[in-house]
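J.: Just one file: work_2.txt, with compact mmCIF, C-alpha atoms.
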```txt
# COMPACT_ATOMS: atom_id res chain seq x y z
CA MET A 892 0.00 0.00 0.00
CA ARG A 893 1.27 3.46 -0.78
CA ALA A 894 1.96 5.58 2.27
CA ARG A 895 -0.38 8.58 2.54
CA HIS A 896 1.34 11.73 1.42
CA VAL A 897 0.04 15.23 2.01
CA PRO A 898 1.56 17.55 -0.61
CA GLY A 899 3.50 20.31 1.11
CA GLU A 900 2.36 19.93 4.67
CA ALA A 901 -1.02 19.58 6.33
CA GLY A 902 -1.03 23.17 7.58
CA VAL A 903 -0.72 24.83 4.16
CA TRP A 904 -4.10 23.35 3.24
CA VAL A 905 -5.69 25.48 5.96
CA LEU A 906 -4.53 28.50 3.98
CA ILE A 907 -5.42 27.06 0.56
CA LEU A 908 -8.91 25.83 1.47
CA GLY A 909 -9.53 28.90 3.64
CA ASP A 910 -8.68 31.23 0.77
CA LEU A 911 -10.79 29.17 -1.64
CA THR A 912 -13.71 29.46 0.77
CA ALA A 913 -13.27 33.21 1.04
CA PHE A 914 -13.14 33.64 -2.71
CA SER A 915 -16.19 31.41 -3.14
CA VAL A 916 -18.02 33.82 -0.85
CA PHE A 917 -16.76 36.74 -2.96
CA PHE A 918 -17.98 35.09 -6.17
CA ALA A 919 -21.37 34.39 -4.60
CA ILE A 920 -21.63 38.06 -3.56
CA PHE A 921 -20.85 39.06 -7.16
CA LEU A 922 -23.59 36.79 -8.49
CA VAL A 923 -26.13 38.16 -5.99
CA HIS A 924 -25.34 41.74 -7.01
CA ARG A 925 -25.43 40.76 -10.68
CA ALA A 926 -28.87 39.22 -10.28
CA ARG A 927 -30.14 42.53 -8.90
CA ASP A 928 -29.17 44.42 -12.07
CA VAL A 929 -28.59 41.96 -14.88
CA ALA A 930 -28.98 44.60 -17.59
CA LEU A 931 -26.20 46.81 -16.21
CA PHE A 932 -23.84 43.92 -15.62
CA SER A 933 -24.49 42.36 -19.05
CA ALA A 934 -23.95 45.65 -20.84
CA SER A 935 -20.67 46.29 -19.02
CA GLN A 936 -19.49 42.73 -19.48
CA ALA A 937 -20.19 42.89 -23.22
CA ALA A 938 -17.58 45.67 -23.38
CA MET A 939 -14.87 43.58 -21.70
CA ASP A 940 -11.90 42.52 -23.80
CA ARG A 941 -12.21 38.74 -23.86
CA ARG A 942 -8.97 38.24 -25.77
CA LEU A 943 -6.99 39.89 -22.96
CA GLY A 944 -8.86 37.80 -20.43
CA LEU A 945 -8.10 34.66 -22.40
CA ALA A 946 -4.44 35.64 -22.74
CA ASN A 947 -4.25 36.08 -18.97
CA THR A 948 -5.81 32.66 -18.49
CA VAL A 949 -3.34 31.02 -20.87
CA LEU A 950 -0.43 32.78 -19.12
CA LEU A 951 -1.45 31.51 -15.70
CA LEU A 952 -2.29 28.00 -16.85
CA THR A 953 1.09 27.78 -18.57
CA SER A 954 2.83 29.06 -15.46
CA SER A 955 1.09 26.37 -13.41
CA LEU A 956 2.35 23.78 -15.87
CA PHE A 957 5.89 25.06 -15.34
CA VAL A 958 5.46 25.03 -11.56
CA ALA A 959 4.10 21.46 -11.63
CA GLY A 960 7.14 20.48 -13.69
CA ALA A 961 9.43 22.19 -11.20
CA VAL A 962 7.89 20.24 -8.31
CA ILE A 963 8.34 16.97 -10.19
CA ALA A 964 11.96 17.93 -10.92
CA ALA A 965 12.52 18.77 -7.25
CA ARG A 966 11.22 15.35 -6.24
CA VAL A 967 13.90 13.62 -8.32
CA ALA A 968 16.52 16.17 -7.18
CA ALA A 969 16.87 17.65 -10.69
CA ARG A 970 17.32 21.11 -9.16
CA GLY A 971 18.75 22.70 -12.31
CA ARG A 972 15.57 21.85 -14.19
CA ALA A 973 13.45 22.99 -11.25
CA GLU A 974 15.29 26.33 -11.34
CA ARG A 975 14.67 26.86 -15.03
CA LEU A 976 10.99 25.93 -14.79
CA LEU A 977 10.51 28.26 -11.82
CA MET A 978 12.06 31.09 -13.81
CA LEU A 979 9.72 30.38 -16.72
CA ALA A 980 6.77 30.43 -14.32
CA LEU A 981 7.97 33.76 -12.90
CA GLY A 982 8.21 35.05 -16.46
CA CYS A 983 4.58 34.14 -17.04
CA GLY A 984 3.69 35.90 -13.80
CA CYS A 985 5.45 39.04 -14.98
CA GLY A 986 3.55 38.77 -18.25
CA PHE A 987 0.30 38.62 -16.30
CA ILE A 988 1.19 41.73 -14.32
CA VAL A 989 2.18 43.67 -17.47
CA SER A 990 -1.04 42.60 -19.18
CA LYS A 991 -3.04 43.74 -16.13
CA VAL A 992 -1.33 47.14 -16.13
CA PHE A 993 -2.21 47.62 -19.80
CA GLU A 994 -5.78 46.43 -19.32
CA TRP A 995 -6.44 48.69 -16.35
CA GLY A 996 -4.53 51.56 -17.94
CA GLY A 997 -6.61 51.27 -21.09
CA LYS A 998 -9.86 51.30 -19.16
CA ILE A 999 -8.84 54.21 -16.94
CA ALA A 1000 -7.79 56.18 -20.02
CA ASP A 1001 -11.27 55.51 -21.43
CA GLY A 1002 -12.82 56.92 -18.26
CA VAL A 1003 -13.86 53.54 -16.85
CA THR A 1004 -12.80 53.74 -13.22
CA LEU A 1005 -13.47 52.10 -9.87
CA ASN A 1006 -16.85 53.65 -9.24
CA SER A 1007 -18.04 53.97 -12.87
CA ASN A 1008 -20.69 51.42 -12.10
CA GLU A 1009 -21.27 48.45 -9.82
CA PHE A 1010 -19.85 45.90 -12.27
CA TYR A 1011 -16.62 47.87 -12.68
CA SER A 1012 -16.26 48.15 -8.89
CA PHE A 1013 -16.33 44.37 -8.73
CA TYR A 1014 -14.02 44.11 -11.74
CA TYR A 1015 -11.30 46.35 -10.31
CA MET A 1016 -11.62 45.05 -6.75
CA PHE A 1017 -11.59 41.35 -7.60
CA THR A 1018 -8.84 41.57 -10.20
CA GLY A 1019 -6.93 43.78 -7.74
CA ILE A 1020 -7.26 41.30 -4.88
CA HIS A 1021 -6.29 38.53 -7.30
CA LEU A 1022 -3.27 40.57 -8.42
CA VAL A 1023 -2.14 40.85 -4.78
CA HIS A 1024 -2.30 37.06 -4.63
CA VAL A 1025 -0.26 36.84 -7.86
CA LEU A 1026 2.38 39.09 -6.28
CA LEU A 1027 2.41 36.98 -3.10
CA GLY A 1028 2.67 33.84 -5.24
CA MET A 1029 5.59 35.30 -7.17
CA GLY A 1030 7.29 36.05 -3.88
CA VAL A 1031 6.83 32.40 -2.92
CA LEU A 1032 8.18 31.23 -6.30
CA MET A 1033 11.21 33.50 -5.93
CA TYR A 1034 11.91 32.00 -2.52
CA LEU A 1035 11.62 28.50 -4.00
CA LEU A 1036 14.06 29.58 -6.71
CA VAL A 1037 16.57 30.76 -4.13
CA ARG A 1038 16.21 27.48 -2.21
CA SER A 1039 16.63 25.45 -5.41
CA ARG A 1040 19.89 27.26 -6.14
CA ARG A 1041 21.50 26.42 -2.81
CA ALA A 1042 24.11 23.68 -2.78
CA ASP A 1043 22.16 22.05 0.02
CA PRO A 1044 18.49 23.01 -0.22
CA GLY A 1045 17.66 21.31 3.06
CA ALA A 1046 15.50 18.42 4.27
CA SER A 1047 12.22 20.26 3.83
CA TYR A 1048 12.98 21.28 0.22
CA VAL A 1049 10.52 18.97 -1.52
CA ALA A 1050 7.76 19.79 0.96
CA LEU A 1051 8.43 23.52 0.44
CA MET A 1052 8.30 23.12 -3.34
CA GLU A 1053 5.04 21.21 -3.08
CA GLY A 1054 3.45 23.67 -0.64
CA GLY A 1055 4.62 26.70 -2.61
CA GLY A 1056 3.54 25.07 -5.85
CA VAL A 1057 0.08 24.42 -4.43
CA PHE A 1058 -0.26 28.10 -3.49
CA TRP A 1059 0.59 29.08 -7.08
CA HIS A 1060 -2.01 26.61 -8.37
CA LEU A 1061 -4.52 28.30 -6.04
CA VAL A 1062 -3.70 31.67 -7.63
CA ASP A 1063 -4.24 30.10 -11.05
CA LEU A 1064 -7.49 28.41 -10.01
CA LEU A 1065 -8.89 31.69 -8.66
CA TRP A 1066 -8.31 33.30 -12.06
CA VAL A 1067 -9.85 30.34 -13.88
CA VAL A 1068 -13.10 31.07 -11.99
CA LEU A 1069 -12.76 34.86 -12.12
CA PHE A 1070 -12.29 34.90 -15.91
CA PRO A 1071 -15.68 33.46 -16.87
CA LEU A 1072 -17.44 35.36 -14.07
CA LEU A 1073 -16.13 38.72 -15.22
CA TYR A 1074 -15.51 38.27 -18.94
CA LEU A 1075 -17.75 35.51 -20.24
CA LEU A 1076 -21.09 35.76 -18.42
CA ARG A 1077 -23.69 37.25 -20.67
CA MET B 196 7.19 31.65 35.33
CA ASN B 197 3.78 33.26 35.63
CA HIS B 198 1.81 30.54 33.84
CA LYS B 199 -1.41 31.23 35.73
CA ALA B 200 -1.25 34.89 34.78
CA GLN B 201 -0.70 33.98 31.13
CA LEU B 202 -3.71 31.64 31.18
CA ALA B 203 -5.78 34.37 32.78
CA CYS B 204 -4.72 36.73 29.96
CA ALA B 205 -5.87 34.17 27.40
CA TRP B 206 -9.35 34.13 28.97
CA ILE B 207 -9.34 37.93 29.20
CA GLY B 208 -8.81 38.00 25.43
CA LEU B 209 -11.86 35.86 24.89
CA ALA B 210 -13.95 37.86 27.36
CA SER B 211 -12.86 41.14 25.74
CA THR B 212 -13.97 39.89 22.34
CA ALA B 213 -17.37 39.08 23.83
CA LEU B 214 -17.47 42.55 25.39
CA LEU B 215 -16.75 44.11 21.99
CA PHE B 216 -19.76 42.25 20.66
CA VAL B 217 -21.98 43.34 23.57
CA GLY B 218 -20.92 46.95 23.05
CA ILE B 219 -21.47 46.99 19.29
CA TRP B 220 -24.70 45.03 19.05
CA PRO B 221 -27.24 45.29 21.85
CA LEU B 222 -25.94 48.63 23.14
CA MET B 223 -24.83 50.69 20.16
CA HIS B 224 -27.05 48.93 17.59
CA PHE B 225 -24.13 49.20 15.16
CA LEU B 226 -24.33 45.60 14.05
CA PRO B 227 -24.77 45.79 11.10
CA PRO B 228 -22.90 49.10 10.88
CA LEU B 229 -24.95 52.13 9.84
CA ASP B 230 -25.39 52.38 6.08
CA PRO B 231 -22.97 54.95 4.59
CA ALA B 232 -25.76 55.99 2.23
CA LEU B 233 -28.17 56.94 5.05
CA PRO B 234 -29.48 60.50 4.71
CA THR B 235 -27.97 63.07 7.06
CA ALA B 236 -31.19 63.58 9.03
CA ALA B 237 -31.59 59.84 9.61
CA VAL B 238 -28.04 59.55 10.95
CA ALA B 239 -28.59 62.46 13.33
CA ALA B 240 -31.88 60.94 14.52
CA ILE B 241 -30.09 57.71 15.45
CA TYR B 242 -27.62 59.59 17.65
CA ARG B 243 -30.40 61.58 19.26
CA THR B 244 -32.57 58.56 20.09
CA ASN B 245 -29.91 55.99 21.03
CA GLY B 246 -27.34 58.38 22.49
CA THR B 247 -26.97 56.62 25.85
CA GLY B 248 -26.70 53.18 24.20
CA ILE B 249 -23.99 54.49 21.90
CA ILE B 250 -22.04 56.06 24.75
CA VAL B 251 -22.28 53.07 27.08
CA GLY B 252 -21.52 50.68 24.22
CA GLY B 253 -18.54 52.88 23.46
CA LEU B 254 -17.30 52.35 27.02
CA CYS B 255 -17.49 48.61 26.41
CA LEU B 256 -15.27 49.06 23.35
CA LEU B 257 -12.84 51.14 25.42
CA ALA B 258 -12.69 48.50 28.14
CA ALA B 259 -12.34 45.65 25.65
CA ALA B 260 -9.52 47.32 23.71
CA SER B 261 -7.65 48.10 26.93
CA ALA B 262 -8.05 44.58 28.30
CA LEU B 263 -6.87 43.05 25.03
CA MET B 264 -3.37 44.46 25.57
CA PRO B 265 -2.34 41.91 28.24
CA PHE B 266 -3.80 39.19 25.99
CA TYR B 267 -1.55 40.25 23.10
CA CYS B 268 1.44 40.50 25.43
CA ALA B 269 0.84 36.99 26.75
CA LEU B 270 0.61 35.83 23.12
CA ALA B 271 3.88 37.63 22.47
CA MET B 272 5.50 35.62 25.28
CA GLN B 273 4.77 32.46 23.28
CA VAL B 274 6.18 34.09 20.14
CA THR B 275 9.38 34.81 22.09
CA ARG B 276 9.70 31.10 22.86
CA MET B 277 9.46 30.34 19.13
CA GLU B 278 12.04 32.84 17.95
CA ARG B 279 14.55 32.80 20.79
CA PRO B 280 17.04 34.47 21.13
CA SER B 281 15.51 37.00 18.76
CA LYS B 282 12.70 39.30 19.85
CA LEU B 283 11.92 40.77 16.43
CA TRP B 284 8.44 39.29 15.96
CA THR B 285 7.64 39.71 19.64
CA TYR B 286 8.19 43.45 19.33
CA THR B 287 6.34 43.58 15.99
CA LEU B 288 3.34 41.77 17.49
CA ILE B 289 3.15 44.06 20.50
CA THR B 290 3.56 47.30 18.58
CA SER B 291 1.13 46.34 15.81
CA SER B 292 -1.43 45.29 18.44
CA VAL B 293 -1.28 48.75 19.97
CA LEU B 294 -1.44 50.40 16.54
CA GLY B 295 -4.38 48.20 15.63
CA PHE B 296 -6.52 49.04 18.64
CA VAL B 297 -5.90 52.77 18.97
CA PRO B 298 -8.36 53.47 16.09
CA LEU B 299 -11.02 51.53 18.01
CA LEU B 300 -10.58 53.88 20.97
CA ILE B 301 -10.79 56.89 18.71
CA ALA B 302 -13.86 55.50 16.91
CA GLU B 303 -15.60 54.99 20.24
CA MET B 304 -14.83 58.56 21.29
CA LEU B 305 -16.06 59.92 17.97
CA PHE B 306 -19.35 58.04 18.29
CA SER B 307 -19.68 59.32 21.86
CA THR B 308 -18.94 62.88 20.74
CA ALA B 309 -21.64 62.59 18.08
CA ALA B 310 -24.12 61.59 20.80
CA TYR B 311 -22.84 64.12 23.36
CA ARG B 312 -24.82 67.21 22.25
CA PRO B 313 -28.09 66.18 20.58
CA GLY B 314 -28.76 69.81 19.67
CA ARG B 315 -25.82 69.91 17.26
CA SER B 316 -26.52 70.29 13.54
CA ASP B 317 -27.28 67.16 11.54
CA GLU B 318 -24.25 67.68 9.28
CA ILE B 319 -21.81 67.77 12.18
CA ILE B 320 -23.30 64.64 13.70
CA GLN B 321 -22.96 62.91 10.33
CA VAL B 322 -19.30 63.92 9.97
CA LEU B 323 -18.55 62.47 13.40
CA ASN B 324 -20.45 59.31 12.41
CA ASP B 325 -18.50 59.02 9.14
CA PHE B 326 -15.22 59.61 10.93
CA GLY B 327 -16.19 57.08 13.59
CA PHE B 328 -16.97 54.28 11.15
CA ILE B 329 -13.95 55.03 9.01
CA MET B 330 -11.84 54.75 12.19
CA PHE B 331 -13.69 51.63 13.24
CA VAL B 332 -13.34 49.59 10.04
CA GLY B 333 -10.68 51.39 8.03
CA PRO B 334 -7.30 50.92 9.74
CA SER B 335 -7.00 47.21 9.03
CA LEU B 336 -3.35 47.01 8.00
CA PRO B 337 -1.85 46.96 11.53
CA GLY B 338 -4.02 43.87 12.04
CA THR B 339 -2.52 42.30 8.92
CA VAL B 340 0.99 42.97 10.21
CA GLN B 341 0.03 41.70 13.66
CA MET B 342 -1.27 38.37 12.33
CA LEU B 343 1.80 37.94 10.10
CA ALA B 344 3.94 38.69 13.18
CA ILE B 345 2.50 35.48 14.61
CA ALA B 346 2.51 33.43 11.38
CA ILE B 347 6.18 34.01 10.61
CA PRO B 348 7.69 32.86 13.92
CA VAL B 349 5.26 29.91 14.05
CA LEU B 350 6.46 28.69 10.64
CA ALA B 351 10.12 29.45 11.43
CA ASP B 352 9.96 27.73 14.83
CA HIS B 353 12.88 25.31 15.04
CA ASN B 354 12.10 23.87 18.46
CA SER B 355 11.92 20.08 18.37
CA ASP B 356 8.46 20.43 19.90
CA PRO B 357 7.02 23.51 18.13
CA ILE B 358 5.33 25.96 20.48
CA PHE B 359 2.28 26.33 18.20
CA PRO B 360 1.25 23.67 15.64
CA ARG B 361 2.28 24.75 12.12
CA TRP B 362 -1.30 24.95 10.85
CA VAL B 363 -1.83 27.86 13.25
CA GLY B 364 0.83 29.78 11.32
CA TYR B 365 -1.01 29.19 8.07
CA ALA B 366 -4.32 30.08 9.71
CA ASN B 367 -2.81 33.42 10.77
CA ILE B 368 -1.73 34.08 7.17
CA TRP B 369 -5.27 33.34 6.05
CA THR B 370 -6.93 35.65 8.58
CA ALA B 371 -4.31 38.32 7.80
CA ILE B 372 -5.42 38.23 4.14
CA LEU B 373 -9.11 38.33 5.07
CA ALA B 374 -8.65 41.20 7.51
CA THR B 375 -6.93 43.44 4.96
CA PRO B 376 -9.79 44.76 2.74
CA GLY B 377 -11.12 47.01 5.55
CA CYS B 378 -8.68 49.69 4.44
CA LEU B 379 -10.58 50.16 1.17
CA ILE B 380 -13.84 51.42 2.65
CA THR B 381 -13.25 55.09 1.85
CA LEU B 382 -13.49 54.24 -1.85
CA PHE B 383 -17.10 53.06 -1.58
CA LYS B 384 -20.45 54.19 -0.19
CA SER B 385 -22.22 50.92 -0.97
CA GLY B 386 -21.52 47.36 -1.94
CA PRO B 387 -19.33 44.70 -0.36
CA PHE B 388 -16.35 47.02 0.21
CA ALA B 389 -18.23 49.77 2.04
CA TRP B 390 -17.83 49.98 5.84
CA ASN B 391 -21.00 47.90 6.24
CA GLY B 392 -20.16 45.62 3.32
CA ALA B 393 -20.00 41.84 3.18
CA ILE B 394 -16.29 41.78 2.48
CA ALA B 395 -14.82 44.84 4.21
CA PHE B 396 -16.83 44.36 7.39
CA TRP B 397 -18.45 40.95 7.74
CA VAL B 398 -15.70 38.75 6.30
CA ALA B 399 -13.13 40.74 8.32
CA ALA B 400 -15.20 40.49 11.52
CA ILE B 401 -15.67 36.75 11.09
CA ALA B 402 -11.96 36.40 10.34
CA PHE B 403 -11.17 38.18 13.62
CA GLY B 404 -13.49 35.82 15.50
CA ILE B 405 -11.82 32.79 13.93
CA TRP B 406 -8.40 34.31 14.65
CA MET B 407 -9.28 34.82 18.31
CA MET B 408 -10.53 31.25 18.77
CA VAL B 409 -7.53 29.68 17.01
CA ASN B 410 -4.91 31.75 18.83
CA PHE B 411 -6.66 31.48 22.21
CA TRP B 412 -6.60 27.69 21.83
CA ALA B 413 -2.96 27.63 20.67
CA MET B 414 -1.84 29.98 23.44
CA ARG B 415 -3.61 28.05 26.17
CA ARG B 416 -2.22 24.76 24.85
CA ALA B 417 1.32 26.17 24.75
CA VAL B 418 1.16 27.45 28.34
CA LEU B 419 -0.33 24.17 29.63
CA ARG B 420 2.37 22.19 27.84
CA GLU B 421 5.03 24.38 29.40
CA MET B 422 3.48 23.75 32.83
CA HIS B 423 2.75 20.05 32.57
CA GLY B 424 4.77 18.64 29.68
CA PRO B 425 3.84 17.63 26.11
CA LEU B 426 0.80 15.45 26.82
CA ALA B 427 -1.22 18.51 27.93
```
Re-express the file's structure as structure tokens.

T.:
Amino acid sequence: MRARHVPGEAGVWVLILGDLTAFSVFFAIFLVHRARDVALFSASQAAMDRRLGLANTVLLLTSSLFVAGAVIAARVAARGRAERLLMLALGCGCGFIVSKVFEWGGKIADGVTLNSNEFYSFYYMFTGIHLVHVLLGMGVLMYLLVRSRRADPGASYVALMEGGGVFWHLVDLLWVVLFPLLYLLR
Amino acid sequence: MNHKAQLACAWIGLASTALLFVGIWPLMHFLPPLDPALPTAAVAAIYRTNGTGIIVGGLCLLAAASALMPFYCALAMQVTRMERPSKLWTYTLITSSVLGFVPLLIAEMLFSTAAYRPGRSDEIIQVLNDFGFIMFVGPSLPGTVQMLAIAIPVLADHNSDPIFPRWVGYANIWTAILATPGCLITLFKSGPFAWNGAIAFWVAAIAFGIWMMVNFWAMRRAVLREMHGPLA
């Protein structure tokens, strides 16, 4: 029988599942507010740039693929490969941030700001909170990169890679739900 | 070692949280918080009719905030055990706890000032009400720092028998994230990020309740283990 293995460590799942719960509540709140004014939300959502949203989704999904690869590499002590994959994931993260800056910048230049209407409040707030999580996740990935580079990464290295990797997957998962909610709902 | 005093401080923390609740809800009737979109005359009427409740409830907030200081200091004593010989996170926890609760004192005094002279103009009462709620919900970031000041030493604890279980560190990171959005309330007069909103107020309040229960439990367990050994 295979021994039971908790990826990362048991405690990190308190954070992951807790954050997922909180975001589920946020998404439910969005849907309740949307139901109160479907016309306004639909009209605003029709103006959203779906290609940018899709590009963001592809960037994050790809970055998760790289992170998953890095964790697998860490497990077989292929730390050079883990390093390279982490850097690629960080690159995707940077791409996401740049894309976000352009998307927000474009909207603000068009006069669409935080309080333009209720949908846009949700849009800026939720993508903003998600962006904070992306930044936190990139911090975690950078730490994993530093650890991977050490001559002796330490006994908890694999667990750290797994736990950190899971947090990045959370960041990705949150966007995968946010994207259809904000960009695709009609 | 003053274990009994530390345990008493743990219970004082719990009792103070209950006192906060008693002050805000049955006395001040500020649960849920007043709607930021309420008309000026309606706000003034509330202070004129429930003035005594607001003032007495405010005293409960004052007492609770004051009594929470020994709780945070007792918690800091456990943090010291985790990070010895350093005291960095101990100091950060203590200072951010003070910074976090000063706005509560000021909010309570603003609400009391609004109720103090019922003959004042409606506009002035509303300004004091606005200021009070912005003080009450707005300054959330010291709380974020405070919770991280617990999370970091818990996760970096290299004792063979960690003082707090590691999941408590992660739980503190989680509540730190949930407590943060309060600072955004001045951008909104309605919706989930207003001072009465589902996210800026309710999620943050629930996160504080969860935080208190988790850290009370962890603190009590740590003190008992220090007194009686690991099977406590």

J.: Enumerate as a short mmCIF file (atom, residue, chain, number, x, y, z; two decimals) with C-alpha atoms, keeping the file's coordinate frame the residues belonging to chain B that approach chain A to within 10 Å, with only C-alpha atoms taken into account.

T.:
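The new file part-v2.cif reads:
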```cif
data_model
loop_
_atom_site.label_atom_id
_atom_site.label_comp_id
_atom_site.auth_asym_id
_atom_site.auth_seq_id
_atom_site.Cartn_x
_atom_site.Cartn_y
_atom_site.Cartn_z
CA LEU B 350 6.46 28.69 10.64
CA PRO B 360 1.25 23.67 15.64
CA ARG B 361 2.28 24.75 12.12
CA TRP B 362 -1.30 24.95 10.85
CA VAL B 363 -1.83 27.86 13.25
CA GLY B 364 0.83 29.78 11.32
CA TYR B 365 -1.01 29.19 8.07
CA ALA B 366 -4.32 30.08 9.71
CA ASN B 367 -2.81 33.42 10.77
CA ILE B 368 -1.73 34.08 7.17
CA TRP B 369 -5.27 33.34 6.05
CA THR B 370 -6.93 35.65 8.58
CA ILE B 372 -5.42 38.23 4.14
CA LEU B 373 -9.11 38.33 5.07
CA PRO B 376 -9.79 44.76 2.74
CA LEU B 379 -10.58 50.16 1.17
CA LEU B 382 -13.49 54.24 -1.85
CA PHE B 383 -17.10 53.06 -1.58
CA LYS B 384 -20.45 54.19 -0.19
CA SER B 385 -22.22 50.92 -0.97
CA GLY B 386 -21.52 47.36 -1.94
CA PRO B 387 -19.33 44.70 -0.36
CA PHE B 388 -16.35 47.02 0.21
CA ALA B 393 -20.00 41.84 3.18
CA ILE B 394 -16.29 41.78 2.48
CA VAL B 398 -15.70 38.75 6.30
CA ALA B 402 -11.96 36.40 10.34
#
```

J.: Just checking: using all atoms listed in the file, which residue out of B:Pro280, B:Gly253, B:Pro221, B:Gly327 ends up closest to Asn354 of chain B?

T.: B:Pro280

J.: Residues within 10 Å of segment 245-252 of chain B, please, as a ChimeraX atom specification. Count all atoms listed in the file; anything in the same chain fewer than 6 positions from it doesn't count.

T.: /B:214-225,258,303-313

J.: Env of Ser211 of chain B: 7 Å cut, atoms = all atoms listed in the file, seq-sep filter 3 positions within chain, self excluded. Answer as a short mmCIF file (atom, residue, chain, number, x, y, z; two decimals) with C-alpha atoms, keeping the file's coordinate frame.

T.:
```
data_model
loop_
_atom_site.label_atom_id
_atom_site.label_comp_id
_atom_site.auth_asym_id
_atom_site.auth_seq_id
_atom_site.Cartn_x
_atom_site.Cartn_y
_atom_site.Cartn_z
CA ILE B 207 -9.34 37.93 29.20
CA GLY B 208 -8.81 38.00 25.43
CA LEU B 214 -17.47 42.55 25.39
CA LEU B 215 -16.75 44.11 21.99
CA ALA B 259 -12.34 45.65 25.65
CA ALA B 262 -8.05 44.58 28.30
CA LEU B 263 -6.87 43.05 25.03
#
```

J.: At a cut-off of 12 Å, using only C-alpha atoms, what residues contact Leu283 of chain B? Leave out same-chain residues fewer than 4 positions from it and give the result as a list in words.

T.: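 Final neighbour list, sorted by chain and number: Ala271, Val274, Thr275, Arg276, Met277, Glu278, Arg279, Thr287, Leu288, Ile289, Thr290, Ala344, Ile345, Ile347 and Pro348 of chain B.
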
J.: Nearest to Ser955 of chain A among A:Leu1075, A:Val989, A:Leu1035, A:Cys983, with distances taken over all atoms listed in the file: which residue is it?

T.: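 Closest to Ser955 of chain A of all the choices is A:Cys983.
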
J.: Considering only C-alpha atoms, can you say which of A:Leu1072, A:Val1003, A:Val1037, A:Leu931 comes closest to Ser915 of chain A?

T.: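 Smallest separation from Ser915 of chain A among the options: A:Leu1072.
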
J.: Report, in Å to a single decimal, how far apart atom CA of Thr1018 of chain A and atom CA of Thr375 of chain B are.

T.: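 Here the two named atoms are 15.4 Å from each other.
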
J.: Grab the atom CA of Ser1039 of chain A to atom CA of Val967 of chain A distance for me, in Å with one decimal place.

T.: 12.5 Å

J.: Mind giving me the straight-line distance from atom CA of Pro231 of chain B to atom CA of Asn1008 of chain A in Å, one decimal?

T.: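 It comes out at 17.2 Å.
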
J.: With a distance cut-off of 10 Å and all atoms listed in the file, select the neighbouring residues of Ile963 of chain A, excluding the residue or stretch itself and same-chain residues fewer than 3 positions from it, and output the selection as a list of chain:residue names.

T.: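 Neighbouring residues, sequence-local ones excluded: A:Phe957, A:Val958, A:Ala959, A:Gly960, A:Arg966, A:Val967, A:Ala968, A:Ala969, A:Arg970, A:Arg972, A:Ala973, A:Val1049, A:Met1052, A:Glu1053.
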
J.: Just want the 8 Å neighbourhood of Leu209 of chain B, counted on only C-alpha atoms, with same-chain residues fewer than 2 positions away dropped. Output as JSON, numbers by chain.

T.: {"B": [205, 206, 207, 211, 212, 213, 407, 408, 411]}

J.: Can you spit out the residues from that selection as a PDB file, keeping the file's coordinate frame, using C-alpha atoms?

T.:
```
ATOM      1  CA  ALA B 205      -5.870  34.170  27.400  1.00  0.00           C
ATOM      2  CA  TRP B 206      -9.350  34.130  28.970  1.00  0.00           C
ATOM      3  CA  ILE B 207      -9.340  37.930  29.200  1.00  0.00           C
ATOM      4  CA  SER B 211     -12.860  41.140  25.740  1.00  0.00           C
ATOM      5  CA  THR B 212     -13.970  39.890  22.340  1.00  0.00           C
ATOM      6  CA  ALA B 213     -17.370  39.080  23.830  1.00  0.00           C
ATOM      7  CA  MET B 407      -9.280  34.820  18.310  1.00  0.00           C
ATOM      8  CA  MET B 408     -10.530  31.250  18.770  1.00  0.00           C
ATOM      9  CA  PHE B 411      -6.660  31.480  22.210  1.00  0.00           C
TER      10      PHE B 411
END
```

J.: Give the answer as one residue: which of A:Leu977, A:Leu911, A:Ile999, A:Leu1076 has the shortest atom-to-atom distance to Ala964 of chain A, using all atoms listed in the file?

T.: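 Between A:Leu977, A:Leu911, A:Ile999, A:Leu1076, the residue approaching Ala964 of chain A most closely is A:Leu977.
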
J.: My structure is short of atoms at segment 1018-1024 of chain A; please model N, CA and C atoms there, returning them as a PDB file, in the coordinates of the input.

T.:
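File produced: rebuild-v8.pdb:
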```
ATOM      1  N   THR A1018     -10.099  41.773  -9.494  1.00  0.00           N
ATOM      2  CA  THR A1018      -8.840  41.570 -10.200  1.00  0.00           C
ATOM      3  C   THR A1018      -7.690  42.153  -9.382  1.00  0.00           C
ATOM      4  N   GLY A1019      -7.954  43.201  -8.620  1.00  0.00           N
ATOM      5  CA  GLY A1019      -6.930  43.780  -7.740  1.00  0.00           C
ATOM      6  C   GLY A1019      -6.539  42.825  -6.627  1.00  0.00           C
ATOM      7  N   ILE A1020      -7.548  42.259  -5.944  1.00  0.00           N
ATOM      8  CA  ILE A1020      -7.260  41.300  -4.880  1.00  0.00           C
ATOM      9  C   ILE A1020      -6.540  40.086  -5.462  1.00  0.00           C
ATOM     10  N   HIS A1021      -6.974  39.662  -6.653  1.00  0.00           N
ATOM     11  CA  HIS A1021      -6.290  38.530  -7.300  1.00  0.00           C
ATOM     12  C   HIS A1021      -4.846  38.897  -7.622  1.00  0.00           C
ATOM     13  N   LEU A1022      -4.627  40.124  -8.080  1.00  0.00           N
ATOM     14  CA  LEU A1022      -3.270  40.570  -8.420  1.00  0.00           C
ATOM     15  C   LEU A1022      -2.372  40.538  -7.186  1.00  0.00           C
ATOM     16  N   VAL A1023      -2.907  40.928  -6.036  1.00  0.00           N
ATOM     17  CA  VAL A1023      -2.140  40.850  -4.780  1.00  0.00           C
ATOM     18  C   VAL A1023      -1.725  39.405  -4.531  1.00  0.00           C
ATOM     19  N   HIS A1024      -2.647  38.473  -4.794  1.00  0.00           N
ATOM     20  CA  HIS A1024      -2.300  37.060  -4.630  1.00  0.00           C
ATOM     21  C   HIS A1024      -1.238  36.619  -5.622  1.00  0.00           C
TER      22      HIS A1024
END
```
